[in-house]
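Visitor: The structure file start.csv (CSV, C-alpha atoms and all ligand atoms) is provided below.
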```
chain,number,residue,atom,x,y,z
A,1,MET,CA,0.0,0.0,0.0
A,2,GLU,CA,1.8,3.2,-1.3
A,3,ASP,CA,-0.2,5.6,0.9
A,4,ALA,CA,0.8,3.8,4.0
A,5,GLU,CA,4.5,3.8,3.1
A,6,ARG,CA,4.6,7.5,2.3
A,7,LEU,CA,2.7,8.4,5.4
A,8,HIS,CA,4.9,6.3,7.6
A,9,LYS,CA,8.0,7.9,6.1
A,10,GLU,CA,6.6,11.4,6.6
A,11,ALA,CA,5.4,11.0,10.2
A,12,ILE,CA,7.3,11.7,13.4
A,13,ILE,CA,7.2,8.3,15.0
A,14,ILE,CA,7.6,7.9,18.8
A,15,ASP,CA,7.5,4.7,20.8
A,16,GLY,CA,6.8,5.6,24.5
A,17,HIS,CA,8.4,2.6,26.2
A,18,CYS,CA,11.0,-0.2,25.8
A,19,ASP,CA,13.4,-2.0,28.1
A,20,THR,CA,16.1,-2.4,25.4
A,21,ILE,CA,19.0,-1.0,27.5
A,22,LEU,CA,18.8,-4.0,29.7
A,23,THR,CA,19.3,-6.3,26.7
A,24,VAL,CA,22.4,-4.6,25.4
A,25,THR,CA,24.3,-3.8,28.7
A,26,GLY,CA,25.6,-5.8,31.6
A,27,ARG,CA,24.6,-9.4,31.8
A,28,GLY,CA,21.6,-9.1,29.5
A,29,PHE,CA,18.0,-9.6,30.4
A,30,MET,CA,15.4,-12.3,30.7
A,31,GLY,CA,17.8,-15.1,29.8
A,32,GLN,CA,19.2,-13.4,26.7
A,33,ARG,CA,22.9,-12.6,26.4
A,34,PRO,CA,23.8,-8.9,25.8
A,35,ARG,CA,23.4,-7.8,22.2
A,36,ASP,CA,25.2,-5.3,20.0
A,37,PHE,CA,22.8,-2.3,19.7
A,38,PHE,CA,24.4,-1.2,16.4
A,39,ALA,CA,24.2,-4.5,14.6
A,40,ARG,CA,20.9,-5.9,13.2
A,41,GLY,CA,20.2,-8.8,15.4
A,42,ASP,CA,17.9,-11.8,15.1
A,43,THR,CA,17.1,-11.8,18.8
A,44,GLY,CA,15.5,-9.1,20.8
A,45,MET,CA,13.2,-6.5,19.3
A,46,ILE,CA,15.1,-3.2,19.1
A,47,ASP,CA,18.5,-2.2,17.7
A,48,LEU,CA,19.5,0.8,15.7
A,49,PRO,CA,19.1,-0.9,12.2
A,50,ARG,CA,15.7,-2.1,13.1
A,51,LEU,CA,14.6,1.2,14.7
A,52,LYS,CA,15.5,2.8,11.3
A,53,GLU,CA,13.6,0.1,9.3
A,54,GLY,CA,10.6,0.8,11.6
A,55,GLY,CA,10.8,4.5,10.9
A,56,VAL,CA,11.2,5.5,14.5
A,57,THR,CA,12.1,9.1,15.2
A,58,CYS,CA,12.2,8.9,19.0
A,59,GLN,CA,12.5,5.9,21.2
A,60,VAL,CA,11.7,6.3,24.9
A,61,MET,CA,14.4,4.3,26.7
A,62,ALA,CA,13.4,3.2,30.2
A,63,ALA,CA,15.8,2.5,33.0
A,64,TYR,CA,14.0,-0.3,34.7
A,65,ILE,CA,15.1,-1.2,38.2
A,66,GLU,CA,15.2,-5.0,38.6
A,67,ASP,CA,13.8,-6.3,41.9
A,68,HIS,CA,17.2,-7.4,43.4
A,69,TYR,CA,18.4,-3.8,43.4
A,70,LYS,CA,15.4,-2.6,45.4
A,71,PRO,CA,15.3,-0.6,47.6
A,72,ALA,CA,18.8,0.2,48.7
A,73,ARG,CA,20.7,0.2,45.4
A,74,SER,CA,18.0,1.6,43.2
A,75,ALA,CA,19.6,5.0,42.5
A,76,ARG,CA,22.9,3.3,41.8
A,77,ARG,CA,21.2,0.9,39.3
A,78,ALA,CA,19.3,3.8,37.6
A,79,LEU,CA,22.6,5.7,37.3
A,80,GLU,CA,24.3,2.7,35.7
A,81,LEU,CA,21.6,2.3,33.1
A,82,LEU,CA,21.5,6.0,32.4
A,83,ASP,CA,25.3,6.0,32.0
A,84,ALA,CA,24.9,3.1,29.5
A,85,LEU,CA,22.2,5.0,27.5
A,86,HIS,CA,24.4,8.2,27.4
A,87,ALA,CA,27.3,6.0,26.2
A,88,LEU,CA,25.2,4.7,23.3
A,89,VAL,CA,24.2,8.2,22.3
A,90,GLU,CA,27.8,9.5,22.5
A,91,SER,CA,29.2,6.6,20.5
A,92,SER,CA,27.0,7.2,17.3
A,93,GLU,CA,26.4,10.1,15.0
A,94,GLU,CA,23.1,8.5,14.2
A,95,LEU,CA,21.7,8.9,17.7
A,96,MET,CA,20.9,12.0,19.8
A,97,LEU,CA,19.4,12.7,23.2
A,98,ALA,CA,16.0,14.4,23.3
A,99,THR,CA,15.2,16.6,26.4
A,100,ARG,CA,12.6,18.8,24.7
A,101,ALA,CA,10.0,18.3,22.0
A,102,ALA,CA,12.1,20.4,19.5
A,103,ASP,CA,14.9,17.9,19.8
A,104,ILE,CA,12.6,15.2,18.3
A,105,GLU,CA,11.7,17.5,15.4
A,106,ALA,CA,15.5,18.1,14.9
A,107,ALA,CA,16.1,14.4,14.9
A,108,LYS,CA,13.5,13.9,12.2
A,109,ALA,CA,15.0,16.7,10.1
A,110,ALA,CA,18.5,15.3,10.5
A,111,ASP,CA,17.4,11.7,9.9
A,112,LYS,CA,18.6,10.6,13.3
A,113,VAL,CA,17.1,8.5,16.1
A,114,ALA,CA,16.4,10.3,19.3
A,115,PHE,CA,16.4,8.8,22.8
A,116,LEU,CA,14.1,10.2,25.5
A,117,LEU,CA,15.1,8.9,28.9
A,118,SER,CA,12.7,7.7,31.5
A,119,ILE,CA,12.9,5.8,34.8
A,120,GLU,CA,10.6,2.8,35.5
A,121,GLY,CA,10.1,2.7,39.3
A,122,GLY,CA,10.3,5.7,41.7
A,123,GLU,CA,12.6,3.7,44.0
A,124,ALA,CA,15.3,5.3,41.9
A,125,VAL,CA,15.0,8.6,43.8
A,126,GLU,CA,15.4,6.8,47.1
A,127,GLY,CA,13.2,9.1,49.0
A,128,SER,CA,15.0,12.3,48.0
A,129,LEU,CA,13.8,15.2,45.8
A,130,ALA,CA,17.4,16.1,45.4
A,131,LEU,CA,18.0,12.8,43.5
A,132,LEU,CA,14.9,13.5,41.4
A,133,ARG,CA,16.5,16.8,40.4
A,134,GLY,CA,19.8,15.1,39.7
A,135,PHE,CA,18.0,12.6,37.3
A,136,TYR,CA,16.4,15.6,35.6
A,137,LYS,CA,19.8,17.1,35.0
A,138,LEU,CA,21.0,13.8,33.5
A,139,GLY,CA,18.2,14.2,30.9
A,140,VAL,CA,15.4,12.1,32.4
A,141,ARG,CA,12.1,13.5,31.4
A,142,ALA,CA,9.6,10.8,32.6
A,143,MET,CA,9.2,8.5,35.5
A,144,GLY,CA,6.9,5.7,36.4
A,145,LEU,CA,6.1,6.4,40.1
A,146,THR,CA,6.1,2.7,40.9
A,147,TRP,CA,6.7,-0.7,39.3
A,148,ASN,CA,4.5,-3.4,40.6
A,149,GLN,CA,5.5,-3.2,44.2
A,150,ARG,CA,4.6,-0.6,46.8
A,151,ASN,CA,7.3,2.0,47.4
A,152,ASP,CA,7.7,5.2,49.4
A,153,ILE,CA,5.8,7.1,46.6
A,154,ALA,CA,2.7,4.9,46.1
A,155,ASP,CA,1.3,1.4,45.7
A,156,GLY,CA,2.1,-0.4,42.6
A,157,VAL,CA,-0.4,-2.6,40.8
A,158,GLY,CA,0.9,-5.8,42.4
A,159,GLU,CA,-0.1,-4.5,45.9
A,160,ARG,CA,-3.4,-6.3,46.1
A,161,SER,CA,-4.3,-5.9,49.8
A,162,GLY,CA,-3.6,-2.2,50.1
A,163,GLY,CA,-6.1,0.3,49.0
A,164,SER,CA,-3.9,3.3,49.5
A,165,GLY,CA,-2.8,5.8,47.0
A,166,LEU,CA,0.1,8.3,47.0
A,167,THR,CA,2.0,8.9,50.2
A,168,ASP,CA,2.8,12.5,51.3
A,169,PHE,CA,6.3,12.0,49.8
A,170,GLY,CA,4.6,10.8,46.6
A,171,VAL,CA,2.6,14.0,46.4
A,172,SER,CA,5.8,16.0,46.8
A,173,VAL,CA,7.4,13.9,44.0
A,174,VAL,CA,4.5,14.6,41.7
A,175,LYS,CA,4.6,18.4,42.4
A,176,GLU,CA,8.4,18.5,41.9
A,177,MET,CA,8.1,16.5,38.6
A,178,GLU,CA,5.5,19.0,37.4
A,179,ARG,CA,7.6,22.0,38.4
A,180,LEU,CA,10.7,20.6,36.7
A,181,GLY,CA,8.9,19.5,33.5
A,182,MET,CA,8.9,15.7,33.9
A,183,LEU,CA,6.1,13.4,32.8
A,184,VAL,CA,4.4,11.4,35.5
A,185,ASP,CA,3.8,7.8,34.2
A,186,VAL,CA,0.9,5.8,35.7
A,187,SER,CA,1.4,2.6,33.8
A,188,HIS,CA,2.3,0.4,36.9
A,189,LEU,CA,0.2,2.2,39.5
A,190,SER,CA,-2.6,0.4,41.5
A,191,ASP,CA,-6.1,1.6,40.8
A,192,ALA,CA,-6.1,3.5,44.1
A,193,SER,CA,-2.8,5.2,43.3
A,194,PHE,CA,-4.1,6.1,39.9
A,195,TRP,CA,-7.1,8.0,41.3
A,196,SER,CA,-5.0,9.5,44.0
A,197,LEU,CA,-2.6,10.8,41.3
A,198,ASP,CA,-5.4,12.1,39.2
A,199,LYS,CA,-6.7,14.2,42.1
A,200,VAL,CA,-3.2,15.7,42.7
A,201,ALA,CA,-2.0,16.2,39.1
A,202,GLU,CA,-2.2,19.7,37.7
A,203,ARG,CA,-0.4,18.8,34.5
A,204,PRO,CA,-1.2,16.1,31.9
A,205,TYR,CA,0.1,12.7,32.9
A,206,ILE,CA,0.8,9.6,30.8
A,207,ALA,CA,0.4,5.8,30.7
A,208,SER,CA,3.5,4.9,28.8
A,209,HIS,CA,2.6,1.2,28.2
A,210,SER,CA,-1.0,0.2,29.0
A,211,ASN,CA,-4.0,-1.0,27.0
A,212,ALA,CA,-7.8,-1.0,27.6
A,213,ARG,CA,-9.1,-3.3,30.3
A,214,ALA,CA,-12.5,-3.4,28.5
A,215,LEU,CA,-10.8,-5.6,25.9
A,216,ALA,CA,-8.1,-7.5,27.9
A,217,SER,CA,-8.5,-7.9,31.6
A,218,HIS,CA,-4.8,-7.5,32.6
A,219,ARG,CA,-4.6,-5.5,35.8
A,220,ARG,CA,-2.2,-3.0,34.2
A,221,ASN,CA,-4.7,-2.1,31.5
A,222,LEU,CA,-6.8,1.0,32.1
A,223,THR,CA,-10.5,1.0,32.8
A,224,ASP,CA,-12.8,3.2,30.7
A,225,GLN,CA,-13.1,5.7,33.6
A,226,GLN,CA,-9.3,5.9,33.9
A,227,ILE,CA,-9.0,6.5,30.1
A,228,GLU,CA,-11.6,9.3,30.4
A,229,ALA,CA,-9.9,10.9,33.4
A,230,LEU,CA,-6.4,10.8,31.8
A,231,ALA,CA,-7.7,12.2,28.5
A,232,LYS,CA,-9.5,15.0,30.4
A,233,LYS,CA,-6.2,16.1,31.8
A,234,GLY,CA,-4.6,16.1,28.4
A,235,GLY,CA,-2.6,13.0,28.9
A,236,VAL,CA,-1.6,10.2,26.5
A,237,ILE,CA,-1.7,6.4,26.6
A,238,GLY,CA,0.9,4.3,24.7
A,239,VAL,CA,-0.6,1.0,23.6
A,240,VAL,CA,1.5,-2.0,24.6
A,241,PHE,CA,2.3,-4.9,22.3
A,242,ALA,CA,3.0,-7.5,25.0
A,243,PRO,CA,0.5,-10.4,24.3
A,244,GLY,CA,-1.0,-10.6,27.8
A,245,PHE,CA,-2.2,-7.0,27.5
A,246,VAL,CA,-3.7,-7.5,24.0
A,247,ASP,CA,-6.1,-10.3,24.6
A,248,ASP,CA,-6.9,-12.7,27.4
A,249,ASN,CA,-6.7,-15.6,24.9
A,250,PRO,CA,-3.1,-15.9,23.5
A,251,ASP,CA,-4.5,-17.3,20.3
A,252,ASN,CA,-6.3,-14.0,19.6
A,253,VAL,CA,-3.3,-11.8,19.7
A,254,SER,CA,-2.6,-9.9,16.5
A,255,LEU,CA,-1.8,-6.5,15.1
A,256,ALA,CA,-5.5,-6.1,14.3
A,257,ARG,CA,-6.4,-6.9,18.0
A,258,LEU,CA,-3.9,-4.3,19.2
A,259,CYS,CA,-5.6,-1.8,16.8
A,260,ASP,CA,-8.9,-2.7,18.5
A,261,HIS,CA,-7.4,-1.2,21.7
A,262,ILE,CA,-6.5,1.9,19.7
A,263,ASP,CA,-10.1,2.1,18.4
A,264,HIS,CA,-11.5,1.6,21.9
A,265,ILE,CA,-9.2,4.2,23.6
A,266,LYS,CA,-10.1,6.6,20.8
A,267,SER,CA,-13.8,6.0,21.4
A,268,ILE,CA,-13.5,6.7,25.1
A,269,GLY,CA,-10.8,9.4,25.3
A,270,GLY,CA,-10.7,10.8,21.8
A,271,ILE,CA,-8.0,10.6,19.1
A,272,ASP,CA,-5.7,13.0,21.0
A,273,CYS,CA,-5.0,10.5,23.9
A,274,VAL,CA,-3.8,7.4,22.1
A,275,ALA,CA,-0.2,6.6,21.0
A,276,LEU,CA,2.4,3.8,21.0
A,277,GLY,CA,4.2,2.3,24.0
A,278,SER,CA,5.4,-1.1,22.6
A,279,ASP,CA,7.4,-2.4,25.7
A,280,PHE,CA,9.7,-4.1,23.2
A,281,ASP,CA,12.4,-6.1,24.9
A,282,GLY,CA,10.4,-6.0,28.1
A,283,TYR,CA,8.4,-9.1,27.5
A,284,THR,CA,8.8,-12.6,26.2
A,285,PRO,CA,6.5,-13.8,23.4
A,286,VAL,CA,4.4,-16.9,24.3
A,287,PRO,CA,6.1,-19.8,22.6
A,288,GLY,CA,4.2,-21.0,19.5
A,289,LYS,CA,1.6,-18.3,19.9
A,290,PRO,CA,0.9,-15.3,17.6
A,291,VAL,CA,2.4,-11.8,18.3
A,292,VAL,CA,1.4,-8.3,17.5
A,293,MET,CA,4.7,-7.9,15.6
A,294,LYS,CA,8.1,-9.6,15.8
A,295,ASP,CA,10.1,-6.5,16.3
A,296,VAL,CA,10.2,-2.7,15.7
A,297,SER,CA,11.1,-3.2,12.0
A,298,GLU,CA,7.5,-4.2,11.4
A,299,LEU,CA,6.0,-0.9,12.6
A,300,PRO,CA,4.9,0.2,9.1
A,301,ALA,CA,2.3,-2.5,9.1
A,302,LEU,CA,0.5,-0.6,11.9
A,303,THR,CA,0.2,2.5,9.7
A,304,ALA,CA,-1.4,0.3,7.0
A,305,GLU,CA,-3.8,-1.3,9.4
A,306,LEU,CA,-5.0,2.1,10.8
A,307,LEU,CA,-5.5,3.5,7.3
A,308,SER,CA,-7.5,0.4,6.3
A,309,ARG,CA,-9.7,1.0,9.3
A,310,GLY,CA,-10.6,4.5,8.0
A,311,TYR,CA,-8.3,6.6,10.2
A,312,THR,CA,-7.5,9.8,8.4
A,313,GLU,CA,-3.8,10.6,7.7
A,314,GLU,CA,-3.9,13.3,10.4
A,315,GLU,CA,-5.3,10.8,12.9
A,316,VAL,CA,-2.6,8.2,12.0
A,317,LYS,CA,0.1,10.8,12.6
A,318,LYS,CA,-1.3,11.6,16.0
A,319,VAL,CA,-1.2,7.9,17.0
A,320,LEU,CA,2.3,7.4,15.5
A,321,GLY,CA,3.9,10.2,17.4
A,322,GLY,CA,2.0,13.5,17.2
A,323,ASN,CA,0.2,13.0,20.5
A,324,TRP,CA,3.4,12.2,22.4
A,325,LEU,CA,5.1,15.2,20.8
A,326,ARG,CA,2.2,17.4,21.9
A,327,VAL,CA,2.3,16.3,25.5
A,328,TYR,CA,6.1,16.5,25.6
A,329,ARG,CA,5.9,20.1,24.3
A,330,GLU,CA,3.3,20.9,26.9
A,331,VAL,CA,5.0,19.3,29.9
A,332,ILE,CA,8.8,19.1,29.3
A,333,GLY,CA,9.1,22.1,26.9
A,401,ZN,ZN,6.6,-1.9,32.6
```
What does the file become when written as structure tokens?
Guide:
Amino acid sequence: MEDAERLHKEAIIIDGHCDTILTVTGRGFMGQRPRDFFARGDTGMIDLPRLKEGGVTCQVMAAYIEDHYKPARSARRALELLDALHALVESSEELMLATRAADIEAAKAADKVAFLLSIEGGEAVEGSLALLRGFYKLGVRAMGLTWNQRNDIADGVGERSGGSGLTDFGVSVVKEMERLGMLVDVSHLSDASFWSLDKVAERPYIASHSNARALASHRRNLTDQQIEALAKKGGVIGVVFAPGFVDDNPDNVSLARLCDHIDHIKSIGGIDCVALGSDFDGYTPVPGKPVVMKDVSELPALTAELLSRGYTEEEVKKVLGGNWLRVYREVIG
């Protein structure tokens, strides 16, 4: 389909979440050995050649704090991963760091790939707003307040018995993130924490990698009321490609089924709140079962699917990256 190809090339494409840094640094991740980010691999889901094949302008790179570093060595681990991300950017003319929306437009114009840095798990700030400000100075522009566990900011989604939301420290973290110009990411929050954050938030907030719970019952997917509340604040949801979030039945997972989530989120929150948050390299495909796509190089198929569903070119561009760019411009500058 020629229209899809042209549109995909023209568009600014932003993926709101991946765990790739863990797969190319240190000892590797999820049983895989570390890979070369600059060589086209046949394992993993993201490397530079495949980002370019997929047409990605900006990849949000998350520093995910693995359980065994929590809580006492969380800041150290976040700093190690951020150091590895900076090292990648500094070692290639084809990469650049994005700390503002304009940097992403500059990357598009220069045919480079931008990284926007985020932290997945507020343990990284170790209870100190000074550390939060330090991470901002290192270029971090988004942070998930929790991973699945409870921490000193809020309850994560895995905290089933607790019904509590943000702590007092959590509220001060949100206020400081908003003052600095950092995006608050709700993707791993418990429902109670989500609503507590929604009450406190004065700026748009994001769900970097979550789908619609109405279509797949995963606890990390958002209910219709959550989608509505987030959209009302001007926030953005990145749809996640991990099979368990796409359909309760692994046999039903497909690109079309992922696009059903885009349709649904659009129908509840409007076209301005839905975008991409693949979670590439953060999940393992179910052996022998279908996937949304094998890796980031297949992203052009999503543009074709949305066009075939009757999305206008303007709408497709919003989903591919326009909505992320808008909320970045508004919150981080
Ligand atoms: Zn995650």
Visitor: Excluding Tyr311 of chain A and its own-chain neighbours fewer than 3 positions away, which residues fall within 12 Å of it when counting only C-alpha atoms? Please give them as a list in words.
Guide: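 Counting only C-alpha atoms, the residues come to Ala4, Cys259, Ile262, Asp263, Lys266, Ile271, Leu302, Thr303, Ala304, Glu305, Leu306, Leu307, Ser308, Glu314, Glu315, Val316, Lys317, Lys318, Val319 and Leu320 of chain A.
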Visitor: Those selected residues, please, written with C-alpha atoms and delivered as a compact mmCIF listing (two decimals), in the frame of the given file.
Guide:
```
# COMPACT_ATOMS: atom_id res chain seq x y z
CA ALA A 4 0.80 3.80 4.00
CA CYS A 259 -5.60 -1.80 16.80
CA ILE A 262 -6.50 1.90 19.70
CA ASP A 263 -10.10 2.10 18.40
CA LYS A 266 -10.10 6.60 20.80
CA ILE A 271 -8.00 10.60 19.10
CA LEU A 302 0.50 -0.60 11.90
CA THR A 303 0.20 2.50 9.70
CA ALA A 304 -1.40 0.30 7.00
CA GLU A 305 -3.80 -1.30 9.40
CA LEU A 306 -5.00 2.10 10.80
CA LEU A 307 -5.50 3.50 7.30
CA SER A 308 -7.50 0.40 6.30
CA GLU A 314 -3.90 13.30 10.40
CA GLU A 315 -5.30 10.80 12.90
CA VAL A 316 -2.60 8.20 12.00
CA LYS A 317 0.10 10.80 12.60
CA LYS A 318 -1.30 11.60 16.00
CA VAL A 319 -1.20 7.90 17.00
CA LEU A 320 2.30 7.40 15.50
```
Visitor: Please provide the set of residues having any atom within 7 Å of segment 211-227 of chain A, restricted to all atoms listed in the file, with same-chain residues fewer than 5 positions apart removed, written as an MDAnalysis selection string.
Guide: chainID A and resid 157 187:188 239:240 244:248 261 265 268:269
Visitor: List all protein, DNA and RNA residues that have an atom no more than 10 Å from any atom of ligand ZN 401 (chain A), counting all atoms listed in the file, and report them as a list in words.
Guide: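 Those residues are His17, Cys18, Asp19, Ala62, Tyr64, Glu120, Gly121, Gly144, Thr146, Trp147, Asn148, Ser187, His188, Ser208, His209, Ser210, Arg220, Val240, Gly277, Asp279, Gly282 and Tyr283 of chain A.
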Visitor: Find the residues near segment 42-52 of chain A: any atom within 8 Å, counting only C-alpha atoms, skip ones fewer than 4 places away on the same chain, and give them as a list in words.
Guide: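 Neighbouring residues, sequence-local ones excluded: Thr20, Thr23, Asp36, Phe37, Phe38, Val56, Val113, Phe280, Asp281, Lys294, Asp295, Val296 and Ser297 of chain A.
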Visitor: Can you work out which one of A:Ala11, A:Cys273, A:Met182, A:Leu145 has the shortest atom-to-atom distance to Glu228 of chain A, counting all atoms listed in the file?
Guide: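 Nearest candidate to Glu228 of chain A out of A:Ala11, A:Cys273, A:Met182, A:Leu145: A:Cys273.
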Visitor: Give me the residues near Ala87 of chain A as a list in words, where near means some atom within 12 Å (using only C-alpha atoms) and where sequence neighbours in that chain fewer than 3 positions away do not count.
Guide: Ile21, Val24, Thr25, Phe37, Glu80, Leu81, Leu82, Asp83, Ala84, Glu90, Ser91, Ser92, Glu93, Leu95, Met96, Leu97 and Phe115 of chain A
Visitor: One decimal, Å: what's the distance from atom CA of Leu255 of chain A over to atom CA of Gly55 of chain A, could you say?
Guide: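 Separating atom CA of Leu255 of chain A from atom CA of Gly55 of chain A is a distance of 17.2 Å.
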Visitor: With all atoms listed in the file as the atoms that count, which of A:Ile14, A:Leu85, A:Leu230, A:Ala124 lies nearest to Ala72 of chain A?
Guide: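 When distances to Ala72 of chain A are compared using all atoms listed in the file, the smallest one comes from A:Ala124.
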Visitor: Name the closest residue to Leu258 of chain A among the candidates A:Gly158, A:Ser118, A:Leu197, A:Ala275; distances are taken between atoms, counting all atoms listed in the file.
Guide: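 Smallest distance to Leu258 of chain A is found for A:Ala275.
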Visitor: With a distance cut-off of 8 Å and all atoms listed in the file, select the neighbouring residues of segment 66-71 of chain A, excluding the residue or stretch itself and same-chain residues fewer than 2 positions from it, and output the selection as a list in words.
Guide: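 The filter keeps Tyr64, Arg73, Ser74, Arg77, Glu123 and Glu126 of chain A.
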Visitor: Taking only C-alpha atoms into account, name the residue in A:Arg203, A:His8, A:Lys289, A:Arg40 that is nearest to Ala301 of chain A.
Guide: A:His8
Visitor: Distance atom CA of Leu132 of chain A-atom CA of Arg76 of chain A, one decimal place?
Guide: 13.0 Å
Visitor: When you draw a straight line from atom CA of Arg326 of chain A to atom CA of Ala106 of chain A, how long is it in Å?
Guide: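 So the two atoms, atom CA of Arg326 of chain A and atom CA of Ala106 of chain A, lie 15.0 Å apart.
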Visitor: With distances taken over all atoms listed in the file, which residue among A:Ile13, A:Ala229, A:Ala78, A:Val200 lies nearest Leu276 of chain A?
Guide: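 Among the listed residues, A:Ile13 lies closest to Leu276 of chain A.
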Visitor: Hey, which of A:Arg6, A:Arg309, A:Arg33, A:Arg100 ends up closest to Trp324 of chain A? Count all atoms listed in the file.
Guide: A:Arg100
